[in-house]
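Enquirer: File follows, coords.cif with mmCIF, C-alpha atoms (C1' of nucleotides):
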data_data
loop_
_atom_site.label_atom_id
_atom_site.label_comp_id
_atom_site.auth_asym_id
_atom_site.auth_seq_id
_atom_site.Cartn_x
_atom_site.Cartn_y
_atom_site.Cartn_z
CA MET A 1 4.64 4.45 -3.23
CA VAL A 2 8.25 4.60 -2.28
CA LYS A 3 8.35 1.52 -0.08
CA PHE A 4 10.89 -1.13 -0.95
CA SER A 5 9.65 -4.61 -1.77
CA LYS A 6 10.23 -7.47 0.65
CA LYS A 7 12.69 -8.87 -1.86
CA ILE A 8 14.84 -5.78 -1.43
CA GLU A 9 14.36 -5.63 2.31
CA TYR A 10 15.26 -9.28 2.84
CA ALA A 11 18.21 -8.97 0.51
CA LEU A 12 19.58 -6.00 2.39
CA VAL A 13 19.21 -7.71 5.74
CA ALA A 14 20.92 -10.86 4.45
CA LEU A 15 23.69 -8.99 2.65
CA HIS A 16 24.36 -6.91 5.69
CA TYR A 17 24.65 -10.08 7.75
CA LEU A 18 26.98 -11.65 5.22
CA SER A 19 29.08 -8.47 5.17
CA ASN A 20 29.82 -9.02 8.82
CA ASN A 21 30.88 -12.63 8.15
CA PRO A 22 32.53 -12.35 4.78
CA GLU A 23 34.48 -15.60 4.82
CA ALA A 24 31.98 -18.29 5.78
CA TYR A 25 29.29 -19.85 3.62
CA PHE A 26 25.74 -19.71 4.94
CA SER A 27 22.92 -21.78 3.51
CA ALA A 28 19.58 -20.19 2.69
CA ARG A 29 18.07 -22.33 5.42
CA GLU A 30 20.50 -21.03 8.01
CA LEU A 31 20.00 -17.43 7.01
CA SER A 32 16.24 -17.77 6.99
CA GLU A 33 16.33 -19.10 10.54
CA ILE A 34 18.89 -16.64 11.86
CA LEU A 35 17.22 -13.64 10.25
CA ASN A 36 13.62 -14.78 10.59
CA ILE A 37 12.81 -14.60 6.90
CA PRO A 38 10.59 -17.10 4.99
CA TYR A 39 12.92 -19.73 3.56
CA GLU A 40 11.34 -20.24 0.14
CA PHE A 41 11.29 -16.56 -0.53
CA LEU A 42 14.78 -15.84 0.73
CA SER A 43 16.32 -18.69 -1.23
CA LYS A 44 14.99 -17.27 -4.49
CA THR A 45 16.30 -13.85 -3.62
CA LEU A 46 19.75 -15.21 -2.80
CA ALA A 47 19.81 -17.20 -6.04
CA LYS A 48 19.18 -14.00 -7.99
CA LEU A 49 21.95 -12.20 -6.15
CA ALA A 50 24.26 -15.08 -6.99
CA LYS A 51 23.23 -14.97 -10.64
CA SER A 52 24.20 -11.32 -10.83
CA GLU A 53 27.51 -12.10 -9.15
CA ILE A 54 26.90 -10.21 -5.96
CA LEU A 55 27.08 -13.51 -4.07
CA ILE A 56 29.00 -16.72 -4.65
CA SER A 57 26.90 -19.85 -4.38
CA ASN A 58 28.08 -23.40 -3.74
CA HIS A 59 25.77 -26.30 -4.53
CA GLY A 60 25.44 -29.47 -2.52
CA ALA A 61 26.33 -30.39 1.03
CA LYS A 62 28.30 -27.74 2.95
CA GLY A 63 27.31 -25.33 0.22
CA GLY A 64 25.67 -21.98 0.64
CA TYR A 65 26.29 -18.31 -0.06
CA LYS A 66 28.89 -15.69 0.70
CA LEU A 67 29.81 -12.29 -0.70
CA ASN A 68 31.52 -12.38 -4.05
CA LYS A 69 33.32 -9.08 -3.54
CA SER A 70 34.15 -6.48 -0.97
CA PRO A 71 31.17 -4.66 0.58
CA ARG A 72 32.84 -1.54 -0.74
CA LYS A 73 32.15 -2.71 -4.26
CA ILE A 74 28.51 -3.68 -3.79
CA THR A 75 26.19 -0.76 -4.48
CA PHE A 76 22.51 -0.52 -3.80
CA TYR A 77 21.94 0.05 -7.45
CA GLN A 78 23.43 -3.37 -8.21
CA ILE A 79 21.20 -4.98 -5.61
CA PHE A 80 18.10 -3.27 -6.95
CA ALA A 81 18.97 -4.10 -10.52
CA SER A 82 19.51 -7.72 -9.58
CA LEU A 83 16.10 -8.10 -7.97
CA GLU A 84 13.68 -5.76 -9.70
CA GLU A 85 12.49 -6.02 -13.25
CA HIS A 86 12.29 -2.27 -13.76
CA LEU A 87 13.91 0.41 -11.67
CA ASN A 88 12.12 3.42 -13.09
CA VAL A 89 9.78 5.61 -11.09
CA VAL A 90 7.40 5.79 -14.03
CA GLU A 91 6.85 3.23 -16.73
CA CYS A 92 7.29 5.52 -19.70
CA LEU A 93 10.97 5.90 -18.85
CA SER A 94 11.61 2.23 -19.47
CA ASN A 95 9.12 1.09 -22.11
CA GLU A 96 10.09 3.31 -24.95
CA ASP A 97 8.03 1.34 -27.40
CA GLU A 98 4.76 1.31 -25.48
CA ILE A 99 2.92 4.53 -26.06
CA CYS A 100 1.48 6.21 -23.01
CA GLN A 101 -2.07 7.46 -23.48
CA ARG A 102 -1.01 10.78 -22.05
CA SER A 103 2.07 11.24 -24.17
CA ALA A 104 0.52 13.97 -26.29
CA VAL A 105 -0.25 16.13 -23.28
CA CYS A 106 2.28 14.87 -20.77
CA THR A 107 5.09 17.26 -20.02
CA ILE A 108 6.63 15.51 -17.07
CA LYS A 109 8.74 12.93 -18.81
CA THR A 110 11.90 15.01 -18.84
CA PRO A 111 11.68 16.14 -15.22
CA MET A 112 10.94 12.55 -14.26
CA PHE A 113 14.02 11.52 -16.16
CA GLN A 114 16.04 14.02 -14.13
CA LEU A 115 14.60 12.78 -10.87
CA GLN A 116 15.30 9.22 -11.94
CA ASN A 117 18.91 10.12 -12.56
CA LYS A 118 19.24 11.60 -9.10
CA ILE A 119 17.74 8.51 -7.49
CA ASN A 120 20.05 6.27 -9.48
CA GLU A 121 22.99 8.41 -8.43
CA LEU A 122 21.93 8.16 -4.80
CA ILE A 123 21.63 4.38 -4.73
CA GLY A 124 24.59 3.97 -7.06
CA ASN A 125 26.87 5.74 -4.62
CA MET A 126 25.71 3.89 -1.52
CA THR A 127 27.56 0.65 -0.84
CA LEU A 128 27.23 -2.11 1.71
CA GLU A 129 30.41 -0.84 3.30
CA ASP A 130 28.75 2.48 4.07
CA TRP A 131 26.17 0.55 6.04
CA LEU A 132 28.76 -1.19 8.19
CA LYS A 133 29.75 2.13 9.70
CA PHE A 134 26.45 2.62 11.45
CA PRO A 135 25.69 1.39 14.94
CA THR A 136 22.39 -0.38 15.44
CA PHE A 137 19.29 1.74 15.26
CA ASP A 138 18.40 1.06 18.88
CA ASN A 139 21.73 2.28 20.11
CA ALA A 140 21.78 5.28 17.85
CA ILE A 141 18.25 6.58 17.97
CA ASN A 142 15.86 5.00 20.39
CA VAL A 143 17.95 4.91 23.55
CA MET E 1 9.90 -1.37 -6.02
CA VAL E 2 10.66 2.24 -6.61
CA LYS E 3 7.80 2.99 -8.98
CA PHE E 4 5.53 5.85 -8.07
CA SER E 5 1.84 5.13 -7.61
CA LYS E 6 -0.69 6.37 -10.14
CA LYS E 7 -1.89 8.83 -7.54
CA ILE E 8 1.53 10.46 -7.58
CA GLU E 9 1.91 10.24 -11.32
CA TYR E 10 -1.51 11.75 -12.00
CA ALA E 11 -0.92 14.45 -9.41
CA LEU E 12 2.37 15.44 -10.96
CA VAL E 13 0.89 15.62 -14.44
CA ALA E 14 -2.03 17.71 -13.22
CA LEU E 15 0.09 19.99 -11.06
CA HIS E 16 2.48 20.54 -13.90
CA TYR E 17 -0.42 21.50 -16.13
CA LEU E 18 -1.81 23.87 -13.52
CA SER E 19 1.65 25.40 -13.08
CA ASN E 20 1.50 26.50 -16.67
CA ASN E 21 -1.92 28.05 -16.15
CA PRO E 22 -1.67 29.39 -12.62
CA GLU E 23 -4.58 31.85 -12.71
CA ALA E 24 -7.52 29.89 -14.06
CA TYR E 25 -9.67 27.36 -12.27
CA PHE E 26 -9.97 23.93 -13.88
CA SER E 27 -12.56 21.38 -12.84
CA ALA E 28 -11.58 17.78 -12.20
CA ARG E 29 -13.71 16.84 -15.20
CA GLU E 30 -11.83 19.23 -17.48
CA LEU E 31 -8.45 18.08 -16.29
CA SER E 32 -9.37 14.43 -16.62
CA GLU E 33 -10.39 15.01 -20.22
CA ILE E 34 -7.47 17.23 -21.15
CA LEU E 35 -4.90 14.97 -19.52
CA ASN E 36 -6.55 11.64 -20.24
CA ILE E 37 -6.82 10.53 -16.62
CA PRO E 38 -9.78 8.62 -15.11
CA TYR E 39 -12.11 11.24 -13.65
CA GLU E 40 -13.12 9.49 -10.42
CA PHE E 41 -9.56 8.79 -9.51
CA LEU E 42 -8.20 12.20 -10.40
CA SER E 43 -10.92 14.02 -8.51
CA LYS E 44 -9.99 12.24 -5.29
CA THR E 45 -6.35 13.05 -5.82
CA LEU E 46 -7.10 16.72 -6.42
CA ALA E 47 -9.29 16.84 -3.33
CA LYS E 48 -6.41 15.58 -1.22
CA LEU E 49 -4.05 18.14 -2.70
CA ALA E 50 -6.59 20.82 -1.84
CA LYS E 51 -6.95 19.51 1.70
CA SER E 52 -3.21 19.87 2.22
CA GLU E 53 -3.32 23.37 0.78
CA ILE E 54 -1.30 22.70 -2.32
CA LEU E 55 -4.38 23.56 -4.40
CA ILE E 56 -7.27 25.94 -3.86
CA SER E 57 -10.68 24.39 -4.52
CA ASN E 58 -13.93 26.18 -5.28
CA HIS E 59 -17.20 24.30 -4.86
CA GLY E 60 -20.23 24.60 -7.09
CA ALA E 61 -20.74 25.81 -10.60
CA LYS E 62 -17.71 27.51 -12.17
CA GLY E 63 -15.66 25.98 -9.40
CA GLY E 64 -12.54 23.89 -9.75
CA TYR E 65 -8.90 23.86 -8.76
CA LYS E 66 -5.86 26.06 -9.13
CA LEU E 67 -2.49 26.30 -7.44
CA ASN E 68 -2.57 27.74 -3.95
CA LYS E 69 0.99 29.01 -4.08
CA SER E 70 3.91 29.59 -6.39
CA PRO E 71 5.35 26.48 -8.07
CA ARG E 72 8.59 27.52 -6.39
CA LYS E 73 7.04 26.75 -3.02
CA ILE E 74 5.54 23.38 -3.88
CA THR E 75 8.00 20.58 -3.20
CA PHE E 76 7.70 16.95 -4.17
CA TYR E 77 7.87 16.03 -0.57
CA GLN E 78 4.69 18.00 0.08
CA ILE E 79 2.97 16.27 -2.80
CA PHE E 80 4.04 12.83 -1.63
CA ALA E 81 3.07 13.55 1.95
CA SER E 82 -0.32 14.76 0.81
CA LEU E 83 -1.10 11.60 -1.11
CA GLU E 84 0.67 8.68 0.54
CA GLU E 85 -0.09 7.29 3.96
CA HIS E 86 3.51 6.44 4.70
CA LEU E 87 6.58 7.77 2.96
CA ASN E 88 9.12 5.40 4.44
CA VAL E 89 11.07 2.90 2.39
CA VAL E 90 10.63 0.29 5.13
CA GLU E 91 7.78 -0.02 7.59
CA CYS E 92 9.85 -0.17 10.74
CA LEU E 93 10.86 3.45 10.21
CA SER E 94 7.30 4.63 10.61
CA ASN E 95 5.53 2.16 12.90
CA GLU E 96 7.60 2.58 16.00
CA ASP E 97 5.10 0.68 18.10
CA GLU E 98 4.74 -2.40 15.92
CA ILE E 99 7.56 -4.79 16.60
CA CYS E 100 9.27 -6.24 13.58
CA GLN E 101 9.93 -9.96 13.84
CA ARG E 102 13.47 -9.35 12.79
CA SER E 103 14.20 -6.51 15.17
CA ALA E 104 16.48 -8.63 17.38
CA VAL E 105 18.75 -9.54 14.49
CA CYS E 106 18.13 -6.66 12.09
CA THR E 107 20.98 -4.25 11.76
CA ILE E 108 19.78 -2.25 8.81
CA LYS E 109 17.41 0.12 10.54
CA THR E 110 19.97 2.89 10.99
CA PRO E 111 21.36 2.75 7.47
CA MET E 112 17.80 2.66 6.17
CA PHE E 113 17.12 5.74 8.24
CA GLN E 114 20.08 7.44 6.58
CA LEU E 115 18.92 6.47 3.13
CA GLN E 116 15.43 7.67 3.98
CA ASN E 117 16.83 11.04 4.98
CA LYS E 118 18.64 11.35 1.67
CA ILE E 119 15.52 10.51 -0.28
CA ASN E 120 13.51 13.01 1.74
CA GLU E 121 16.16 15.61 1.09
CA LEU E 122 16.07 14.88 -2.62
CA ILE E 123 12.32 15.22 -2.98
CA GLY E 124 12.18 18.03 -0.44
CA ASN E 125 14.49 20.16 -2.55
CA MET E 126 12.75 19.56 -5.85
CA THR E 127 9.90 21.96 -6.61
CA LEU E 128 7.35 22.27 -9.35
CA GLU E 129 9.23 25.32 -10.56
CA ASP E 130 12.30 23.20 -11.24
CA TRP E 131 10.15 21.14 -13.56
CA LEU E 132 9.01 24.11 -15.58
CA LYS E 133 12.58 24.69 -16.76
CA PHE E 134 12.69 21.51 -18.76
CA PRO E 135 11.67 21.24 -22.38
CA THR E 136 9.45 18.31 -23.29
CA PHE E 137 11.06 14.91 -23.25
CA ASP E 138 10.55 14.40 -26.94
CA ASN E 139 12.37 17.60 -27.81
CA ALA E 140 15.16 16.99 -25.36
CA ILE E 141 15.90 13.32 -25.74
CA ASN E 142 14.13 11.42 -28.44
CA VAL E 143 14.63 13.70 -31.40
"C1'" DA P 1 27.39 -45.98 -4.59
"C1'" DT P 2 24.39 -43.88 -1.69
"C1'" DC P 3 22.58 -40.33 0.98
"C1'" DA P 4 21.65 -35.97 2.80
"C1'" DA P 5 22.12 -31.16 2.27
"C1'" DA P 6 22.33 -27.77 -0.80
"C1'" DT P 7 21.18 -24.57 -4.91
"C1'" DC P 8 18.17 -23.84 -8.54
"C1'" DC P 9 13.84 -23.66 -11.41
"C1'" DG P 10 9.02 -23.33 -12.93
"C1'" DA P 11 4.43 -23.09 -11.53
"C1'" DT P 12 0.81 -22.14 -8.51
"C1'" DT P 13 -1.72 -20.05 -4.76
"C1'" DA P 14 -2.65 -16.55 -1.30
"C1'" DT P 15 -2.46 -12.04 0.24
"C1'" DT P 16 -2.11 -7.32 -0.08
"C1'" DT P 17 -2.05 -3.16 -2.43
"C1'" DT P 18 -3.43 -0.31 -5.98
"C1'" DA P 19 -6.64 1.41 -9.17
"C1'" DA P 20 -11.11 2.28 -10.54
"C1'" DT P 21 -15.94 2.80 -9.82
"C1'" DC P 22 -20.39 3.74 -7.54
"C1'" DG P 23 -23.85 6.41 -5.03
"C1'" DG P 24 -24.69 9.95 -3.06
"C1'" DA P 25 -24.33 14.74 0.06
"C1'" DA P 26 -23.11 19.46 0.27
"C1'" DT P 27 -21.93 23.78 -2.12
"C1'" DT P 28 -22.55 27.62 -5.20
"C1'" DA P 29 -23.01 30.60 -9.48
"C1'" DA P 30 -26.37 31.64 -12.74
"C1'" DT G 1 -34.34 26.06 -8.81
"C1'" DT G 2 -31.00 23.94 -11.39
"C1'" DA G 3 -26.78 22.41 -13.17
"C1'" DA G 4 -22.08 22.01 -12.24
"C1'" DT G 5 -19.10 21.28 -9.05
"C1'" DT G 6 -16.20 19.49 -4.76
"C1'" DC G 7 -16.25 16.15 -1.38
"C1'" DC G 8 -16.94 11.64 1.13
"C1'" DG G 9 -17.53 6.73 2.21
"C1'" DA G 10 -17.99 2.29 0.43
"C1'" DT G 11 -17.39 -1.17 -2.86
"C1'" DT G 12 -15.42 -3.69 -6.67
"C1'" DA G 13 -11.77 -4.89 -10.01
"C1'" DA G 14 -7.24 -5.50 -11.29
"C1'" DA G 15 -2.52 -5.93 -10.51
"C1'" DA G 16 1.45 -6.69 -7.93
"C1'" DT G 17 3.63 -8.82 -4.19
"C1'" DA G 18 4.57 -12.47 -1.16
"C1'" DA G 19 4.53 -17.10 -0.08
"C1'" DT G 20 4.33 -21.91 -1.13
"C1'" DC G 21 4.72 -26.28 -3.69
"C1'" DG G 22 7.01 -29.99 -6.27
"C1'" DG G 23 10.64 -31.29 -8.08
"C1'" DA G 24 15.61 -31.45 -10.66
"C1'" DT G 25 20.42 -31.03 -10.14
"C1'" DT G 26 24.77 -30.72 -7.65
"C1'" DT G 27 28.16 -32.22 -4.31
"C1'" DG G 28 30.62 -33.47 0.07
"C1'" DA G 29 30.69 -37.11 3.36
"C1'" DT G 30 29.90 -41.80 4.78
#
Output the structure of this file as structure tokens.

Expert:
Amino acid sequence: MVKFSKKIEYALVALHYLSNNPEAYFSARELSEILNIPYEFLSKTLAKLAKSEILISNHGAKGGYKLNKSPRKITFYQIFASLEEHLNVVECLSNEDEICQRSAVCTIKTPMFQLQNKINELIGNMTLEDWLKFPTFDNAINV
Amino acid sequence: MVKFSKKIEYALVALHYLSNNPEAYFSARELSEILNIPYEFLSKTLAKLAKSEILISNHGAKGGYKLNKSPRKITFYQIFASLEEHLNVVECLSNEDEICQRSAVCTIKTPMFQLQNKINELIGNMTLEDWLKFPTFDNAINV
DNA sequence: ATCAAATCCGATTATTTTAATCGGAATTAA
DNA sequence: TTAATTCCGATTAAAATAATCGGATTTGAT
């Protein structure tokens, strides 16, 4: 499966929104209502992004979240790494200590490693700023 | 999540094995034993690969599977498309008719579309033959 | 000082997806 | 005819994801 998790999807939607309003603080509640995303879930996601210093968070009244750096400096790789436990396409690339049952006959570890590198390169080079260039999908494709 | 499903993983291991033995037919049972993959699961996966003409299948006694074309002509995209229902990183890229609850405020559809294209390009350009070039992981990396 | 609006944190539950299994039917070489 | 096979639909089991719950802590405003 190559589908992104909801965590990632919600994060990208929220980060994209915050990129367009880089100065103001938005609370998780606000964002969940504006963007139509379950509050409990979104708030955890935002907290993780804050922990990995992609967002700034302010506690208490009038608090909330905003970008911690320029969209140009926020890569997809950082976002993924902040939210997902493991980024690897196959487990054996991450858990070096656990022995795969197929390791004796498996010859795909190296090519998988190469593919992994290319994926990392792809999402490492794509930043939030790149996304700001695009018009909305509806304008660009559907109509 | 960016992890490949077991379907994909098993398929890649089996296809890689068959690439190294392109003439002979191997039954699902044989492959499952050689490669240490659950038989029932692998046999379904191989059947799908045969249906999409990546493998040739022979019924009955002495039957089995072998590659239907040169490893050079088998891309990862073909393998993915054969095994997964949807290839898209987010649902809204595939289900044009289903309306996403966020569609009014979502601005990431176009950039997602771009990213999707890059991923498709990446796996569309990688063939089984590319994989045959690599030494085993253990030789290349660990030792 | 108190209160209300926030983030943050751990745990639990619900849902969905993935993985594995089961029980055959159809095919084919020997 | 038989044994070995692919193929097919359905079911079950396991795992991962998504959502929710119940607070604890922080902080600006009154």

Enquirer: Listing only residues of chain A within 12 Å of chain G, what is the closest atom pair and its distance in Å (to one decimal) for each, using all atoms listed in the file, sorted by chain and residue number ascending, as CSV?

Expert:
residue,atom,partner,partner_atom,distance
A:Phe4,CA,G:DT17,C1',11.1
A:Ser5,CA,G:DT17,C1',7.7
A:Lys6,CA,G:DA18,C1',7.8
A:Lys7,CA,G:DA18,C1',8.9
A:Ile8,CA,G:DT17,C1',11.9
A:Tyr10,CA,G:DA18,C1',11.9
A:Ile37,CA,G:DA19,C1',11.1
A:Pro38,CA,G:DA19,C1',7.9
A:Tyr39,CA,G:DA19,C1',9.5
A:Glu40,CA,G:DT20,C1',7.3
A:Phe41,CA,G:DA19,C1',6.8
A:Leu42,CA,G:DA19,C1',10.4
A:Ser43,CA,G:DA19,C1',12.0
A:Lys44,CA,G:DA19,C1',11.4
A:Ser57,CA,G:DT26,C1',11.5
A:Asn58,CA,G:DT27,C1',8.8
A:His59,CA,G:DT26,C1',5.5
A:Gly60,CA,G:DT27,C1',4.3
A:Ala61,CA,G:DG28,C1',5.4
A:Lys62,CA,G:DG28,C1',6.8
A:Gly63,CA,G:DT27,C1',8.3
A:Gly64,CA,G:DT27,C1',11.6
A:Glu84,CA,G:DT17,C1',11.9

Enquirer: Taking only residues of chain P that have an atom at most 6 Å from an atom of chain A, what is each one's shortest atom pair and its distance in Å to one decimal, using all atoms listed in the file, in chain and number order, as a tab-separated table?

Expert:
residue	atom	partner	partner_atom	distance
P:DA5	C1'	A:Ala61	CA	4.5
P:DA6	C1'	A:Gly60	CA	3.9
P:DT7	C1'	A:His59	CA	4.9

Enquirer: Include C-alpha atoms (C1' of nucleotides) and write out the residues we just selected as a PDB file, keeping the file's coordinate frame.

Expert:
ATOM      1  C1'  DA P   5      22.120 -31.160   2.270  1.00  0.00           C
ATOM      2  C1'  DA P   6      22.330 -27.770  -0.800  1.00  0.00           C
ATOM      3  C1'  DT P   7      21.180 -24.570  -4.910  1.00  0.00           C
TER       4       DT P   7
END

Enquirer: Quote the spacing between CA of Trp131 (chain E) and CA of Asn117 (chain E) in Å to one decimal place.

Expert: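 Separating CA of Trp131 (chain E) from CA of Asn117 (chain E) is a distance of 22.1 Å.
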
Enquirer: Please determine, counting only C-alpha atoms, which residue among E:Met112, E:Leu15, E:Val89, E:Ile123 has the shortest atom-to-atom distance to chain A.

Expert: E:Val89

Enquirer: Suppose you want the space between C1' of DA25 (chain P) and CA of Lys66 (chain E); what is it in Å?

Expert: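 For C1' of DA25 (chain P) relative to CA of Lys66 (chain E), the distance reads 23.5 Å.
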
Enquirer: Just the number, please: distance in Å from CA of Leu128 (chain E) to CA of Ile54 (chain E), one decimal.

Expert: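 One can read the CA of Leu128 (chain E) to CA of Ile54 (chain E) distance as 11.2 Å.
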
Enquirer: Could I get chain E fitted onto chain A (least squares, all C-alpha atoms, in order) as a CSV table (one decimal) with C-alpha atoms, in the coordinates of the input?

Expert:
chain,number,residue,atom,x,y,z
E,1,MET,CA,4.7,4.5,-3.1
E,2,VAL,CA,8.3,4.6,-2.2
E,3,LYS,CA,8.4,1.5,0.0
E,4,PHE,CA,10.9,-1.1,-0.9
E,5,SER,CA,9.6,-4.6,-1.7
E,6,LYS,CA,10.2,-7.4,0.6
E,7,LYS,CA,12.7,-8.8,-1.9
E,8,ILE,CA,14.8,-5.8,-1.4
E,9,GLU,CA,14.4,-5.6,2.3
E,10,TYR,CA,15.2,-9.3,2.8
E,11,ALA,CA,18.2,-8.9,0.5
E,12,LEU,CA,19.6,-6.0,2.4
E,13,VAL,CA,19.2,-7.7,5.7
E,14,ALA,CA,20.9,-10.8,4.4
E,15,LEU,CA,23.7,-9.0,2.7
E,16,HIS,CA,24.4,-6.9,5.7
E,17,TYR,CA,24.6,-10.1,7.8
E,18,LEU,CA,27.0,-11.7,5.2
E,19,SER,CA,29.1,-8.5,5.2
E,20,ASN,CA,29.8,-9.1,8.8
E,21,ASN,CA,30.8,-12.6,8.1
E,22,PRO,CA,32.5,-12.4,4.8
E,23,GLU,CA,34.5,-15.6,4.8
E,24,ALA,CA,32.0,-18.3,5.7
E,25,TYR,CA,29.3,-19.9,3.6
E,26,PHE,CA,25.7,-19.7,4.9
E,27,SER,CA,22.9,-21.8,3.5
E,28,ALA,CA,19.6,-20.2,2.6
E,29,ARG,CA,18.0,-22.3,5.4
E,30,GLU,CA,20.5,-21.0,8.0
E,31,LEU,CA,20.0,-17.4,7.0
E,32,SER,CA,16.2,-17.8,7.0
E,33,GLU,CA,16.3,-19.1,10.5
E,34,ILE,CA,18.9,-16.7,11.8
E,35,LEU,CA,17.2,-13.7,10.3
E,36,ASN,CA,13.6,-14.8,10.6
E,37,ILE,CA,12.8,-14.6,6.9
E,38,PRO,CA,10.6,-17.1,5.0
E,39,TYR,CA,12.9,-19.7,3.5
E,40,GLU,CA,11.3,-20.2,0.1
E,41,PHE,CA,11.3,-16.5,-0.5
E,42,LEU,CA,14.8,-15.8,0.7
E,43,SER,CA,16.3,-18.7,-1.3
E,44,LYS,CA,15.0,-17.2,-4.5
E,45,THR,CA,16.3,-13.8,-3.6
E,46,LEU,CA,19.7,-15.2,-2.8
E,47,ALA,CA,19.8,-17.1,-6.1
E,48,LYS,CA,19.2,-13.9,-8.0
E,49,LEU,CA,21.9,-12.2,-6.1
E,50,ALA,CA,24.3,-15.0,-7.0
E,51,LYS,CA,23.2,-14.9,-10.7
E,52,SER,CA,24.2,-11.3,-10.8
E,53,GLU,CA,27.5,-12.0,-9.1
E,54,ILE,CA,26.9,-10.2,-5.9
E,55,LEU,CA,27.1,-13.5,-4.1
E,56,ILE,CA,29.0,-16.7,-4.7
E,57,SER,CA,26.9,-19.8,-4.4
E,58,ASN,CA,28.1,-23.4,-3.8
E,59,HIS,CA,25.7,-26.3,-4.6
E,60,GLY,CA,25.4,-29.4,-2.7
E,61,ALA,CA,26.2,-30.4,0.9
E,62,LYS,CA,28.2,-27.8,2.8
E,63,GLY,CA,27.2,-25.3,0.1
E,64,GLY,CA,25.6,-21.9,0.6
E,65,TYR,CA,26.3,-18.3,-0.1
E,66,LYS,CA,28.9,-15.7,0.7
E,67,LEU,CA,29.8,-12.3,-0.7
E,68,ASN,CA,31.5,-12.4,-4.1
E,69,LYS,CA,33.3,-9.1,-3.5
E,70,SER,CA,34.1,-6.5,-0.9
E,71,PRO,CA,31.2,-4.7,0.6
E,72,ARG,CA,32.8,-1.5,-0.7
E,73,LYS,CA,32.1,-2.7,-4.2
E,74,ILE,CA,28.5,-3.7,-3.8
E,75,THR,CA,26.2,-0.7,-4.4
E,76,PHE,CA,22.5,-0.5,-3.8
E,77,TYR,CA,21.9,0.1,-7.4
E,78,GLN,CA,23.4,-3.3,-8.2
E,79,ILE,CA,21.2,-4.9,-5.6
E,80,PHE,CA,18.1,-3.2,-6.9
E,81,ALA,CA,19.0,-4.1,-10.5
E,82,SER,CA,19.5,-7.7,-9.6
E,83,LEU,CA,16.1,-8.1,-8.0
E,84,GLU,CA,13.7,-5.7,-9.7
E,85,GLU,CA,12.5,-6.0,-13.2
E,86,HIS,CA,12.3,-2.3,-13.7
E,87,LEU,CA,13.9,0.4,-11.6
E,88,ASN,CA,12.1,3.4,-13.1
E,89,VAL,CA,9.8,5.6,-11.1
E,90,VAL,CA,7.4,5.8,-14.0
E,91,GLU,CA,6.8,3.2,-16.7
E,92,CYS,CA,7.3,5.5,-19.7
E,93,LEU,CA,11.0,5.8,-18.8
E,94,SER,CA,11.6,2.2,-19.4
E,95,ASN,CA,9.1,1.0,-22.0
E,96,GLU,CA,10.1,3.2,-24.9
E,97,ASP,CA,8.0,1.2,-27.3
E,98,GLU,CA,4.8,1.2,-25.4
E,99,ILE,CA,2.9,4.4,-26.1
E,100,CYS,CA,1.5,6.1,-23.0
E,101,GLN,CA,-2.0,7.4,-23.5
E,102,ARG,CA,-1.0,10.7,-22.1
E,103,SER,CA,2.1,11.1,-24.2
E,104,ALA,CA,0.6,13.9,-26.4
E,105,VAL,CA,-0.2,16.0,-23.4
E,106,CYS,CA,2.3,14.8,-20.8
E,107,THR,CA,5.1,17.2,-20.1
E,108,ILE,CA,6.6,15.5,-17.1
E,109,LYS,CA,8.8,12.9,-18.8
E,110,THR,CA,11.9,15.0,-18.9
E,111,PRO,CA,11.7,16.1,-15.3
E,112,MET,CA,10.9,12.5,-14.3
E,113,PHE,CA,14.0,11.5,-16.2
E,114,GLN,CA,16.0,14.0,-14.1
E,115,LEU,CA,14.6,12.8,-10.9
E,116,GLN,CA,15.3,9.2,-11.9
E,117,ASN,CA,18.9,10.1,-12.5
E,118,LYS,CA,19.2,11.6,-9.1
E,119,ILE,CA,17.7,8.5,-7.5
E,120,ASN,CA,20.1,6.3,-9.5
E,121,GLU,CA,23.0,8.4,-8.4
E,122,LEU,CA,21.9,8.2,-4.8
E,123,ILE,CA,21.6,4.4,-4.7
E,124,GLY,CA,24.6,4.0,-7.0
E,125,ASN,CA,26.9,5.8,-4.6
E,126,MET,CA,25.7,3.9,-1.5
E,127,THR,CA,27.6,0.7,-0.8
E,128,LEU,CA,27.2,-2.1,1.7
E,129,GLU,CA,30.4,-0.8,3.3
E,130,ASP,CA,28.7,2.5,4.1
E,131,TRP,CA,26.2,0.6,6.1
E,132,LEU,CA,28.7,-1.2,8.2
E,133,LYS,CA,29.8,2.1,9.7
E,134,PHE,CA,26.5,2.6,11.5
E,135,PRO,CA,25.7,1.4,15.0
E,136,THR,CA,22.4,-0.4,15.5
E,137,PHE,CA,19.3,1.8,15.3
E,138,ASP,CA,18.4,1.1,18.9
E,139,ASN,CA,21.8,2.3,20.2
E,140,ALA,CA,21.8,5.3,17.9
E,141,ILE,CA,18.3,6.6,18.1
E,142,ASN,CA,15.9,5.0,20.5
E,143,VAL,CA,18.0,4.9,23.6

Enquirer: Return as JSON the centre and edge lengths, in Å with one decimal, of the box along x, y and z that encloses every atom of region 2-13 of chain G in the file, padded by 3 Å per side.

Expert:
{"center_x": -21.4, "center_y": 9.5, "center_z": -5.5, "size_x": 25.2, "size_y": 34.8, "size_z": 21.4}

Enquirer: Quick one: which residues end up in the PyMOL selection byres ((chain A and resi 77-83) around 9) for this structure, as a PyMOL selection string?

Expert: (chain A and resi 7-8+11-12+45+48-49+51-52+54+74-76+84-87+120-127) or (chain E and resi 1)

Enquirer: For each of A:Gln116, A:Lys73, A:Val13, A:Glu23, take the minimum atom-to-atom distance to chain E, counting only C-alpha atoms, then give the residue where this is smallest.

Expert: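 Using only C-alpha atoms, chain E sits closest to A:Val13.
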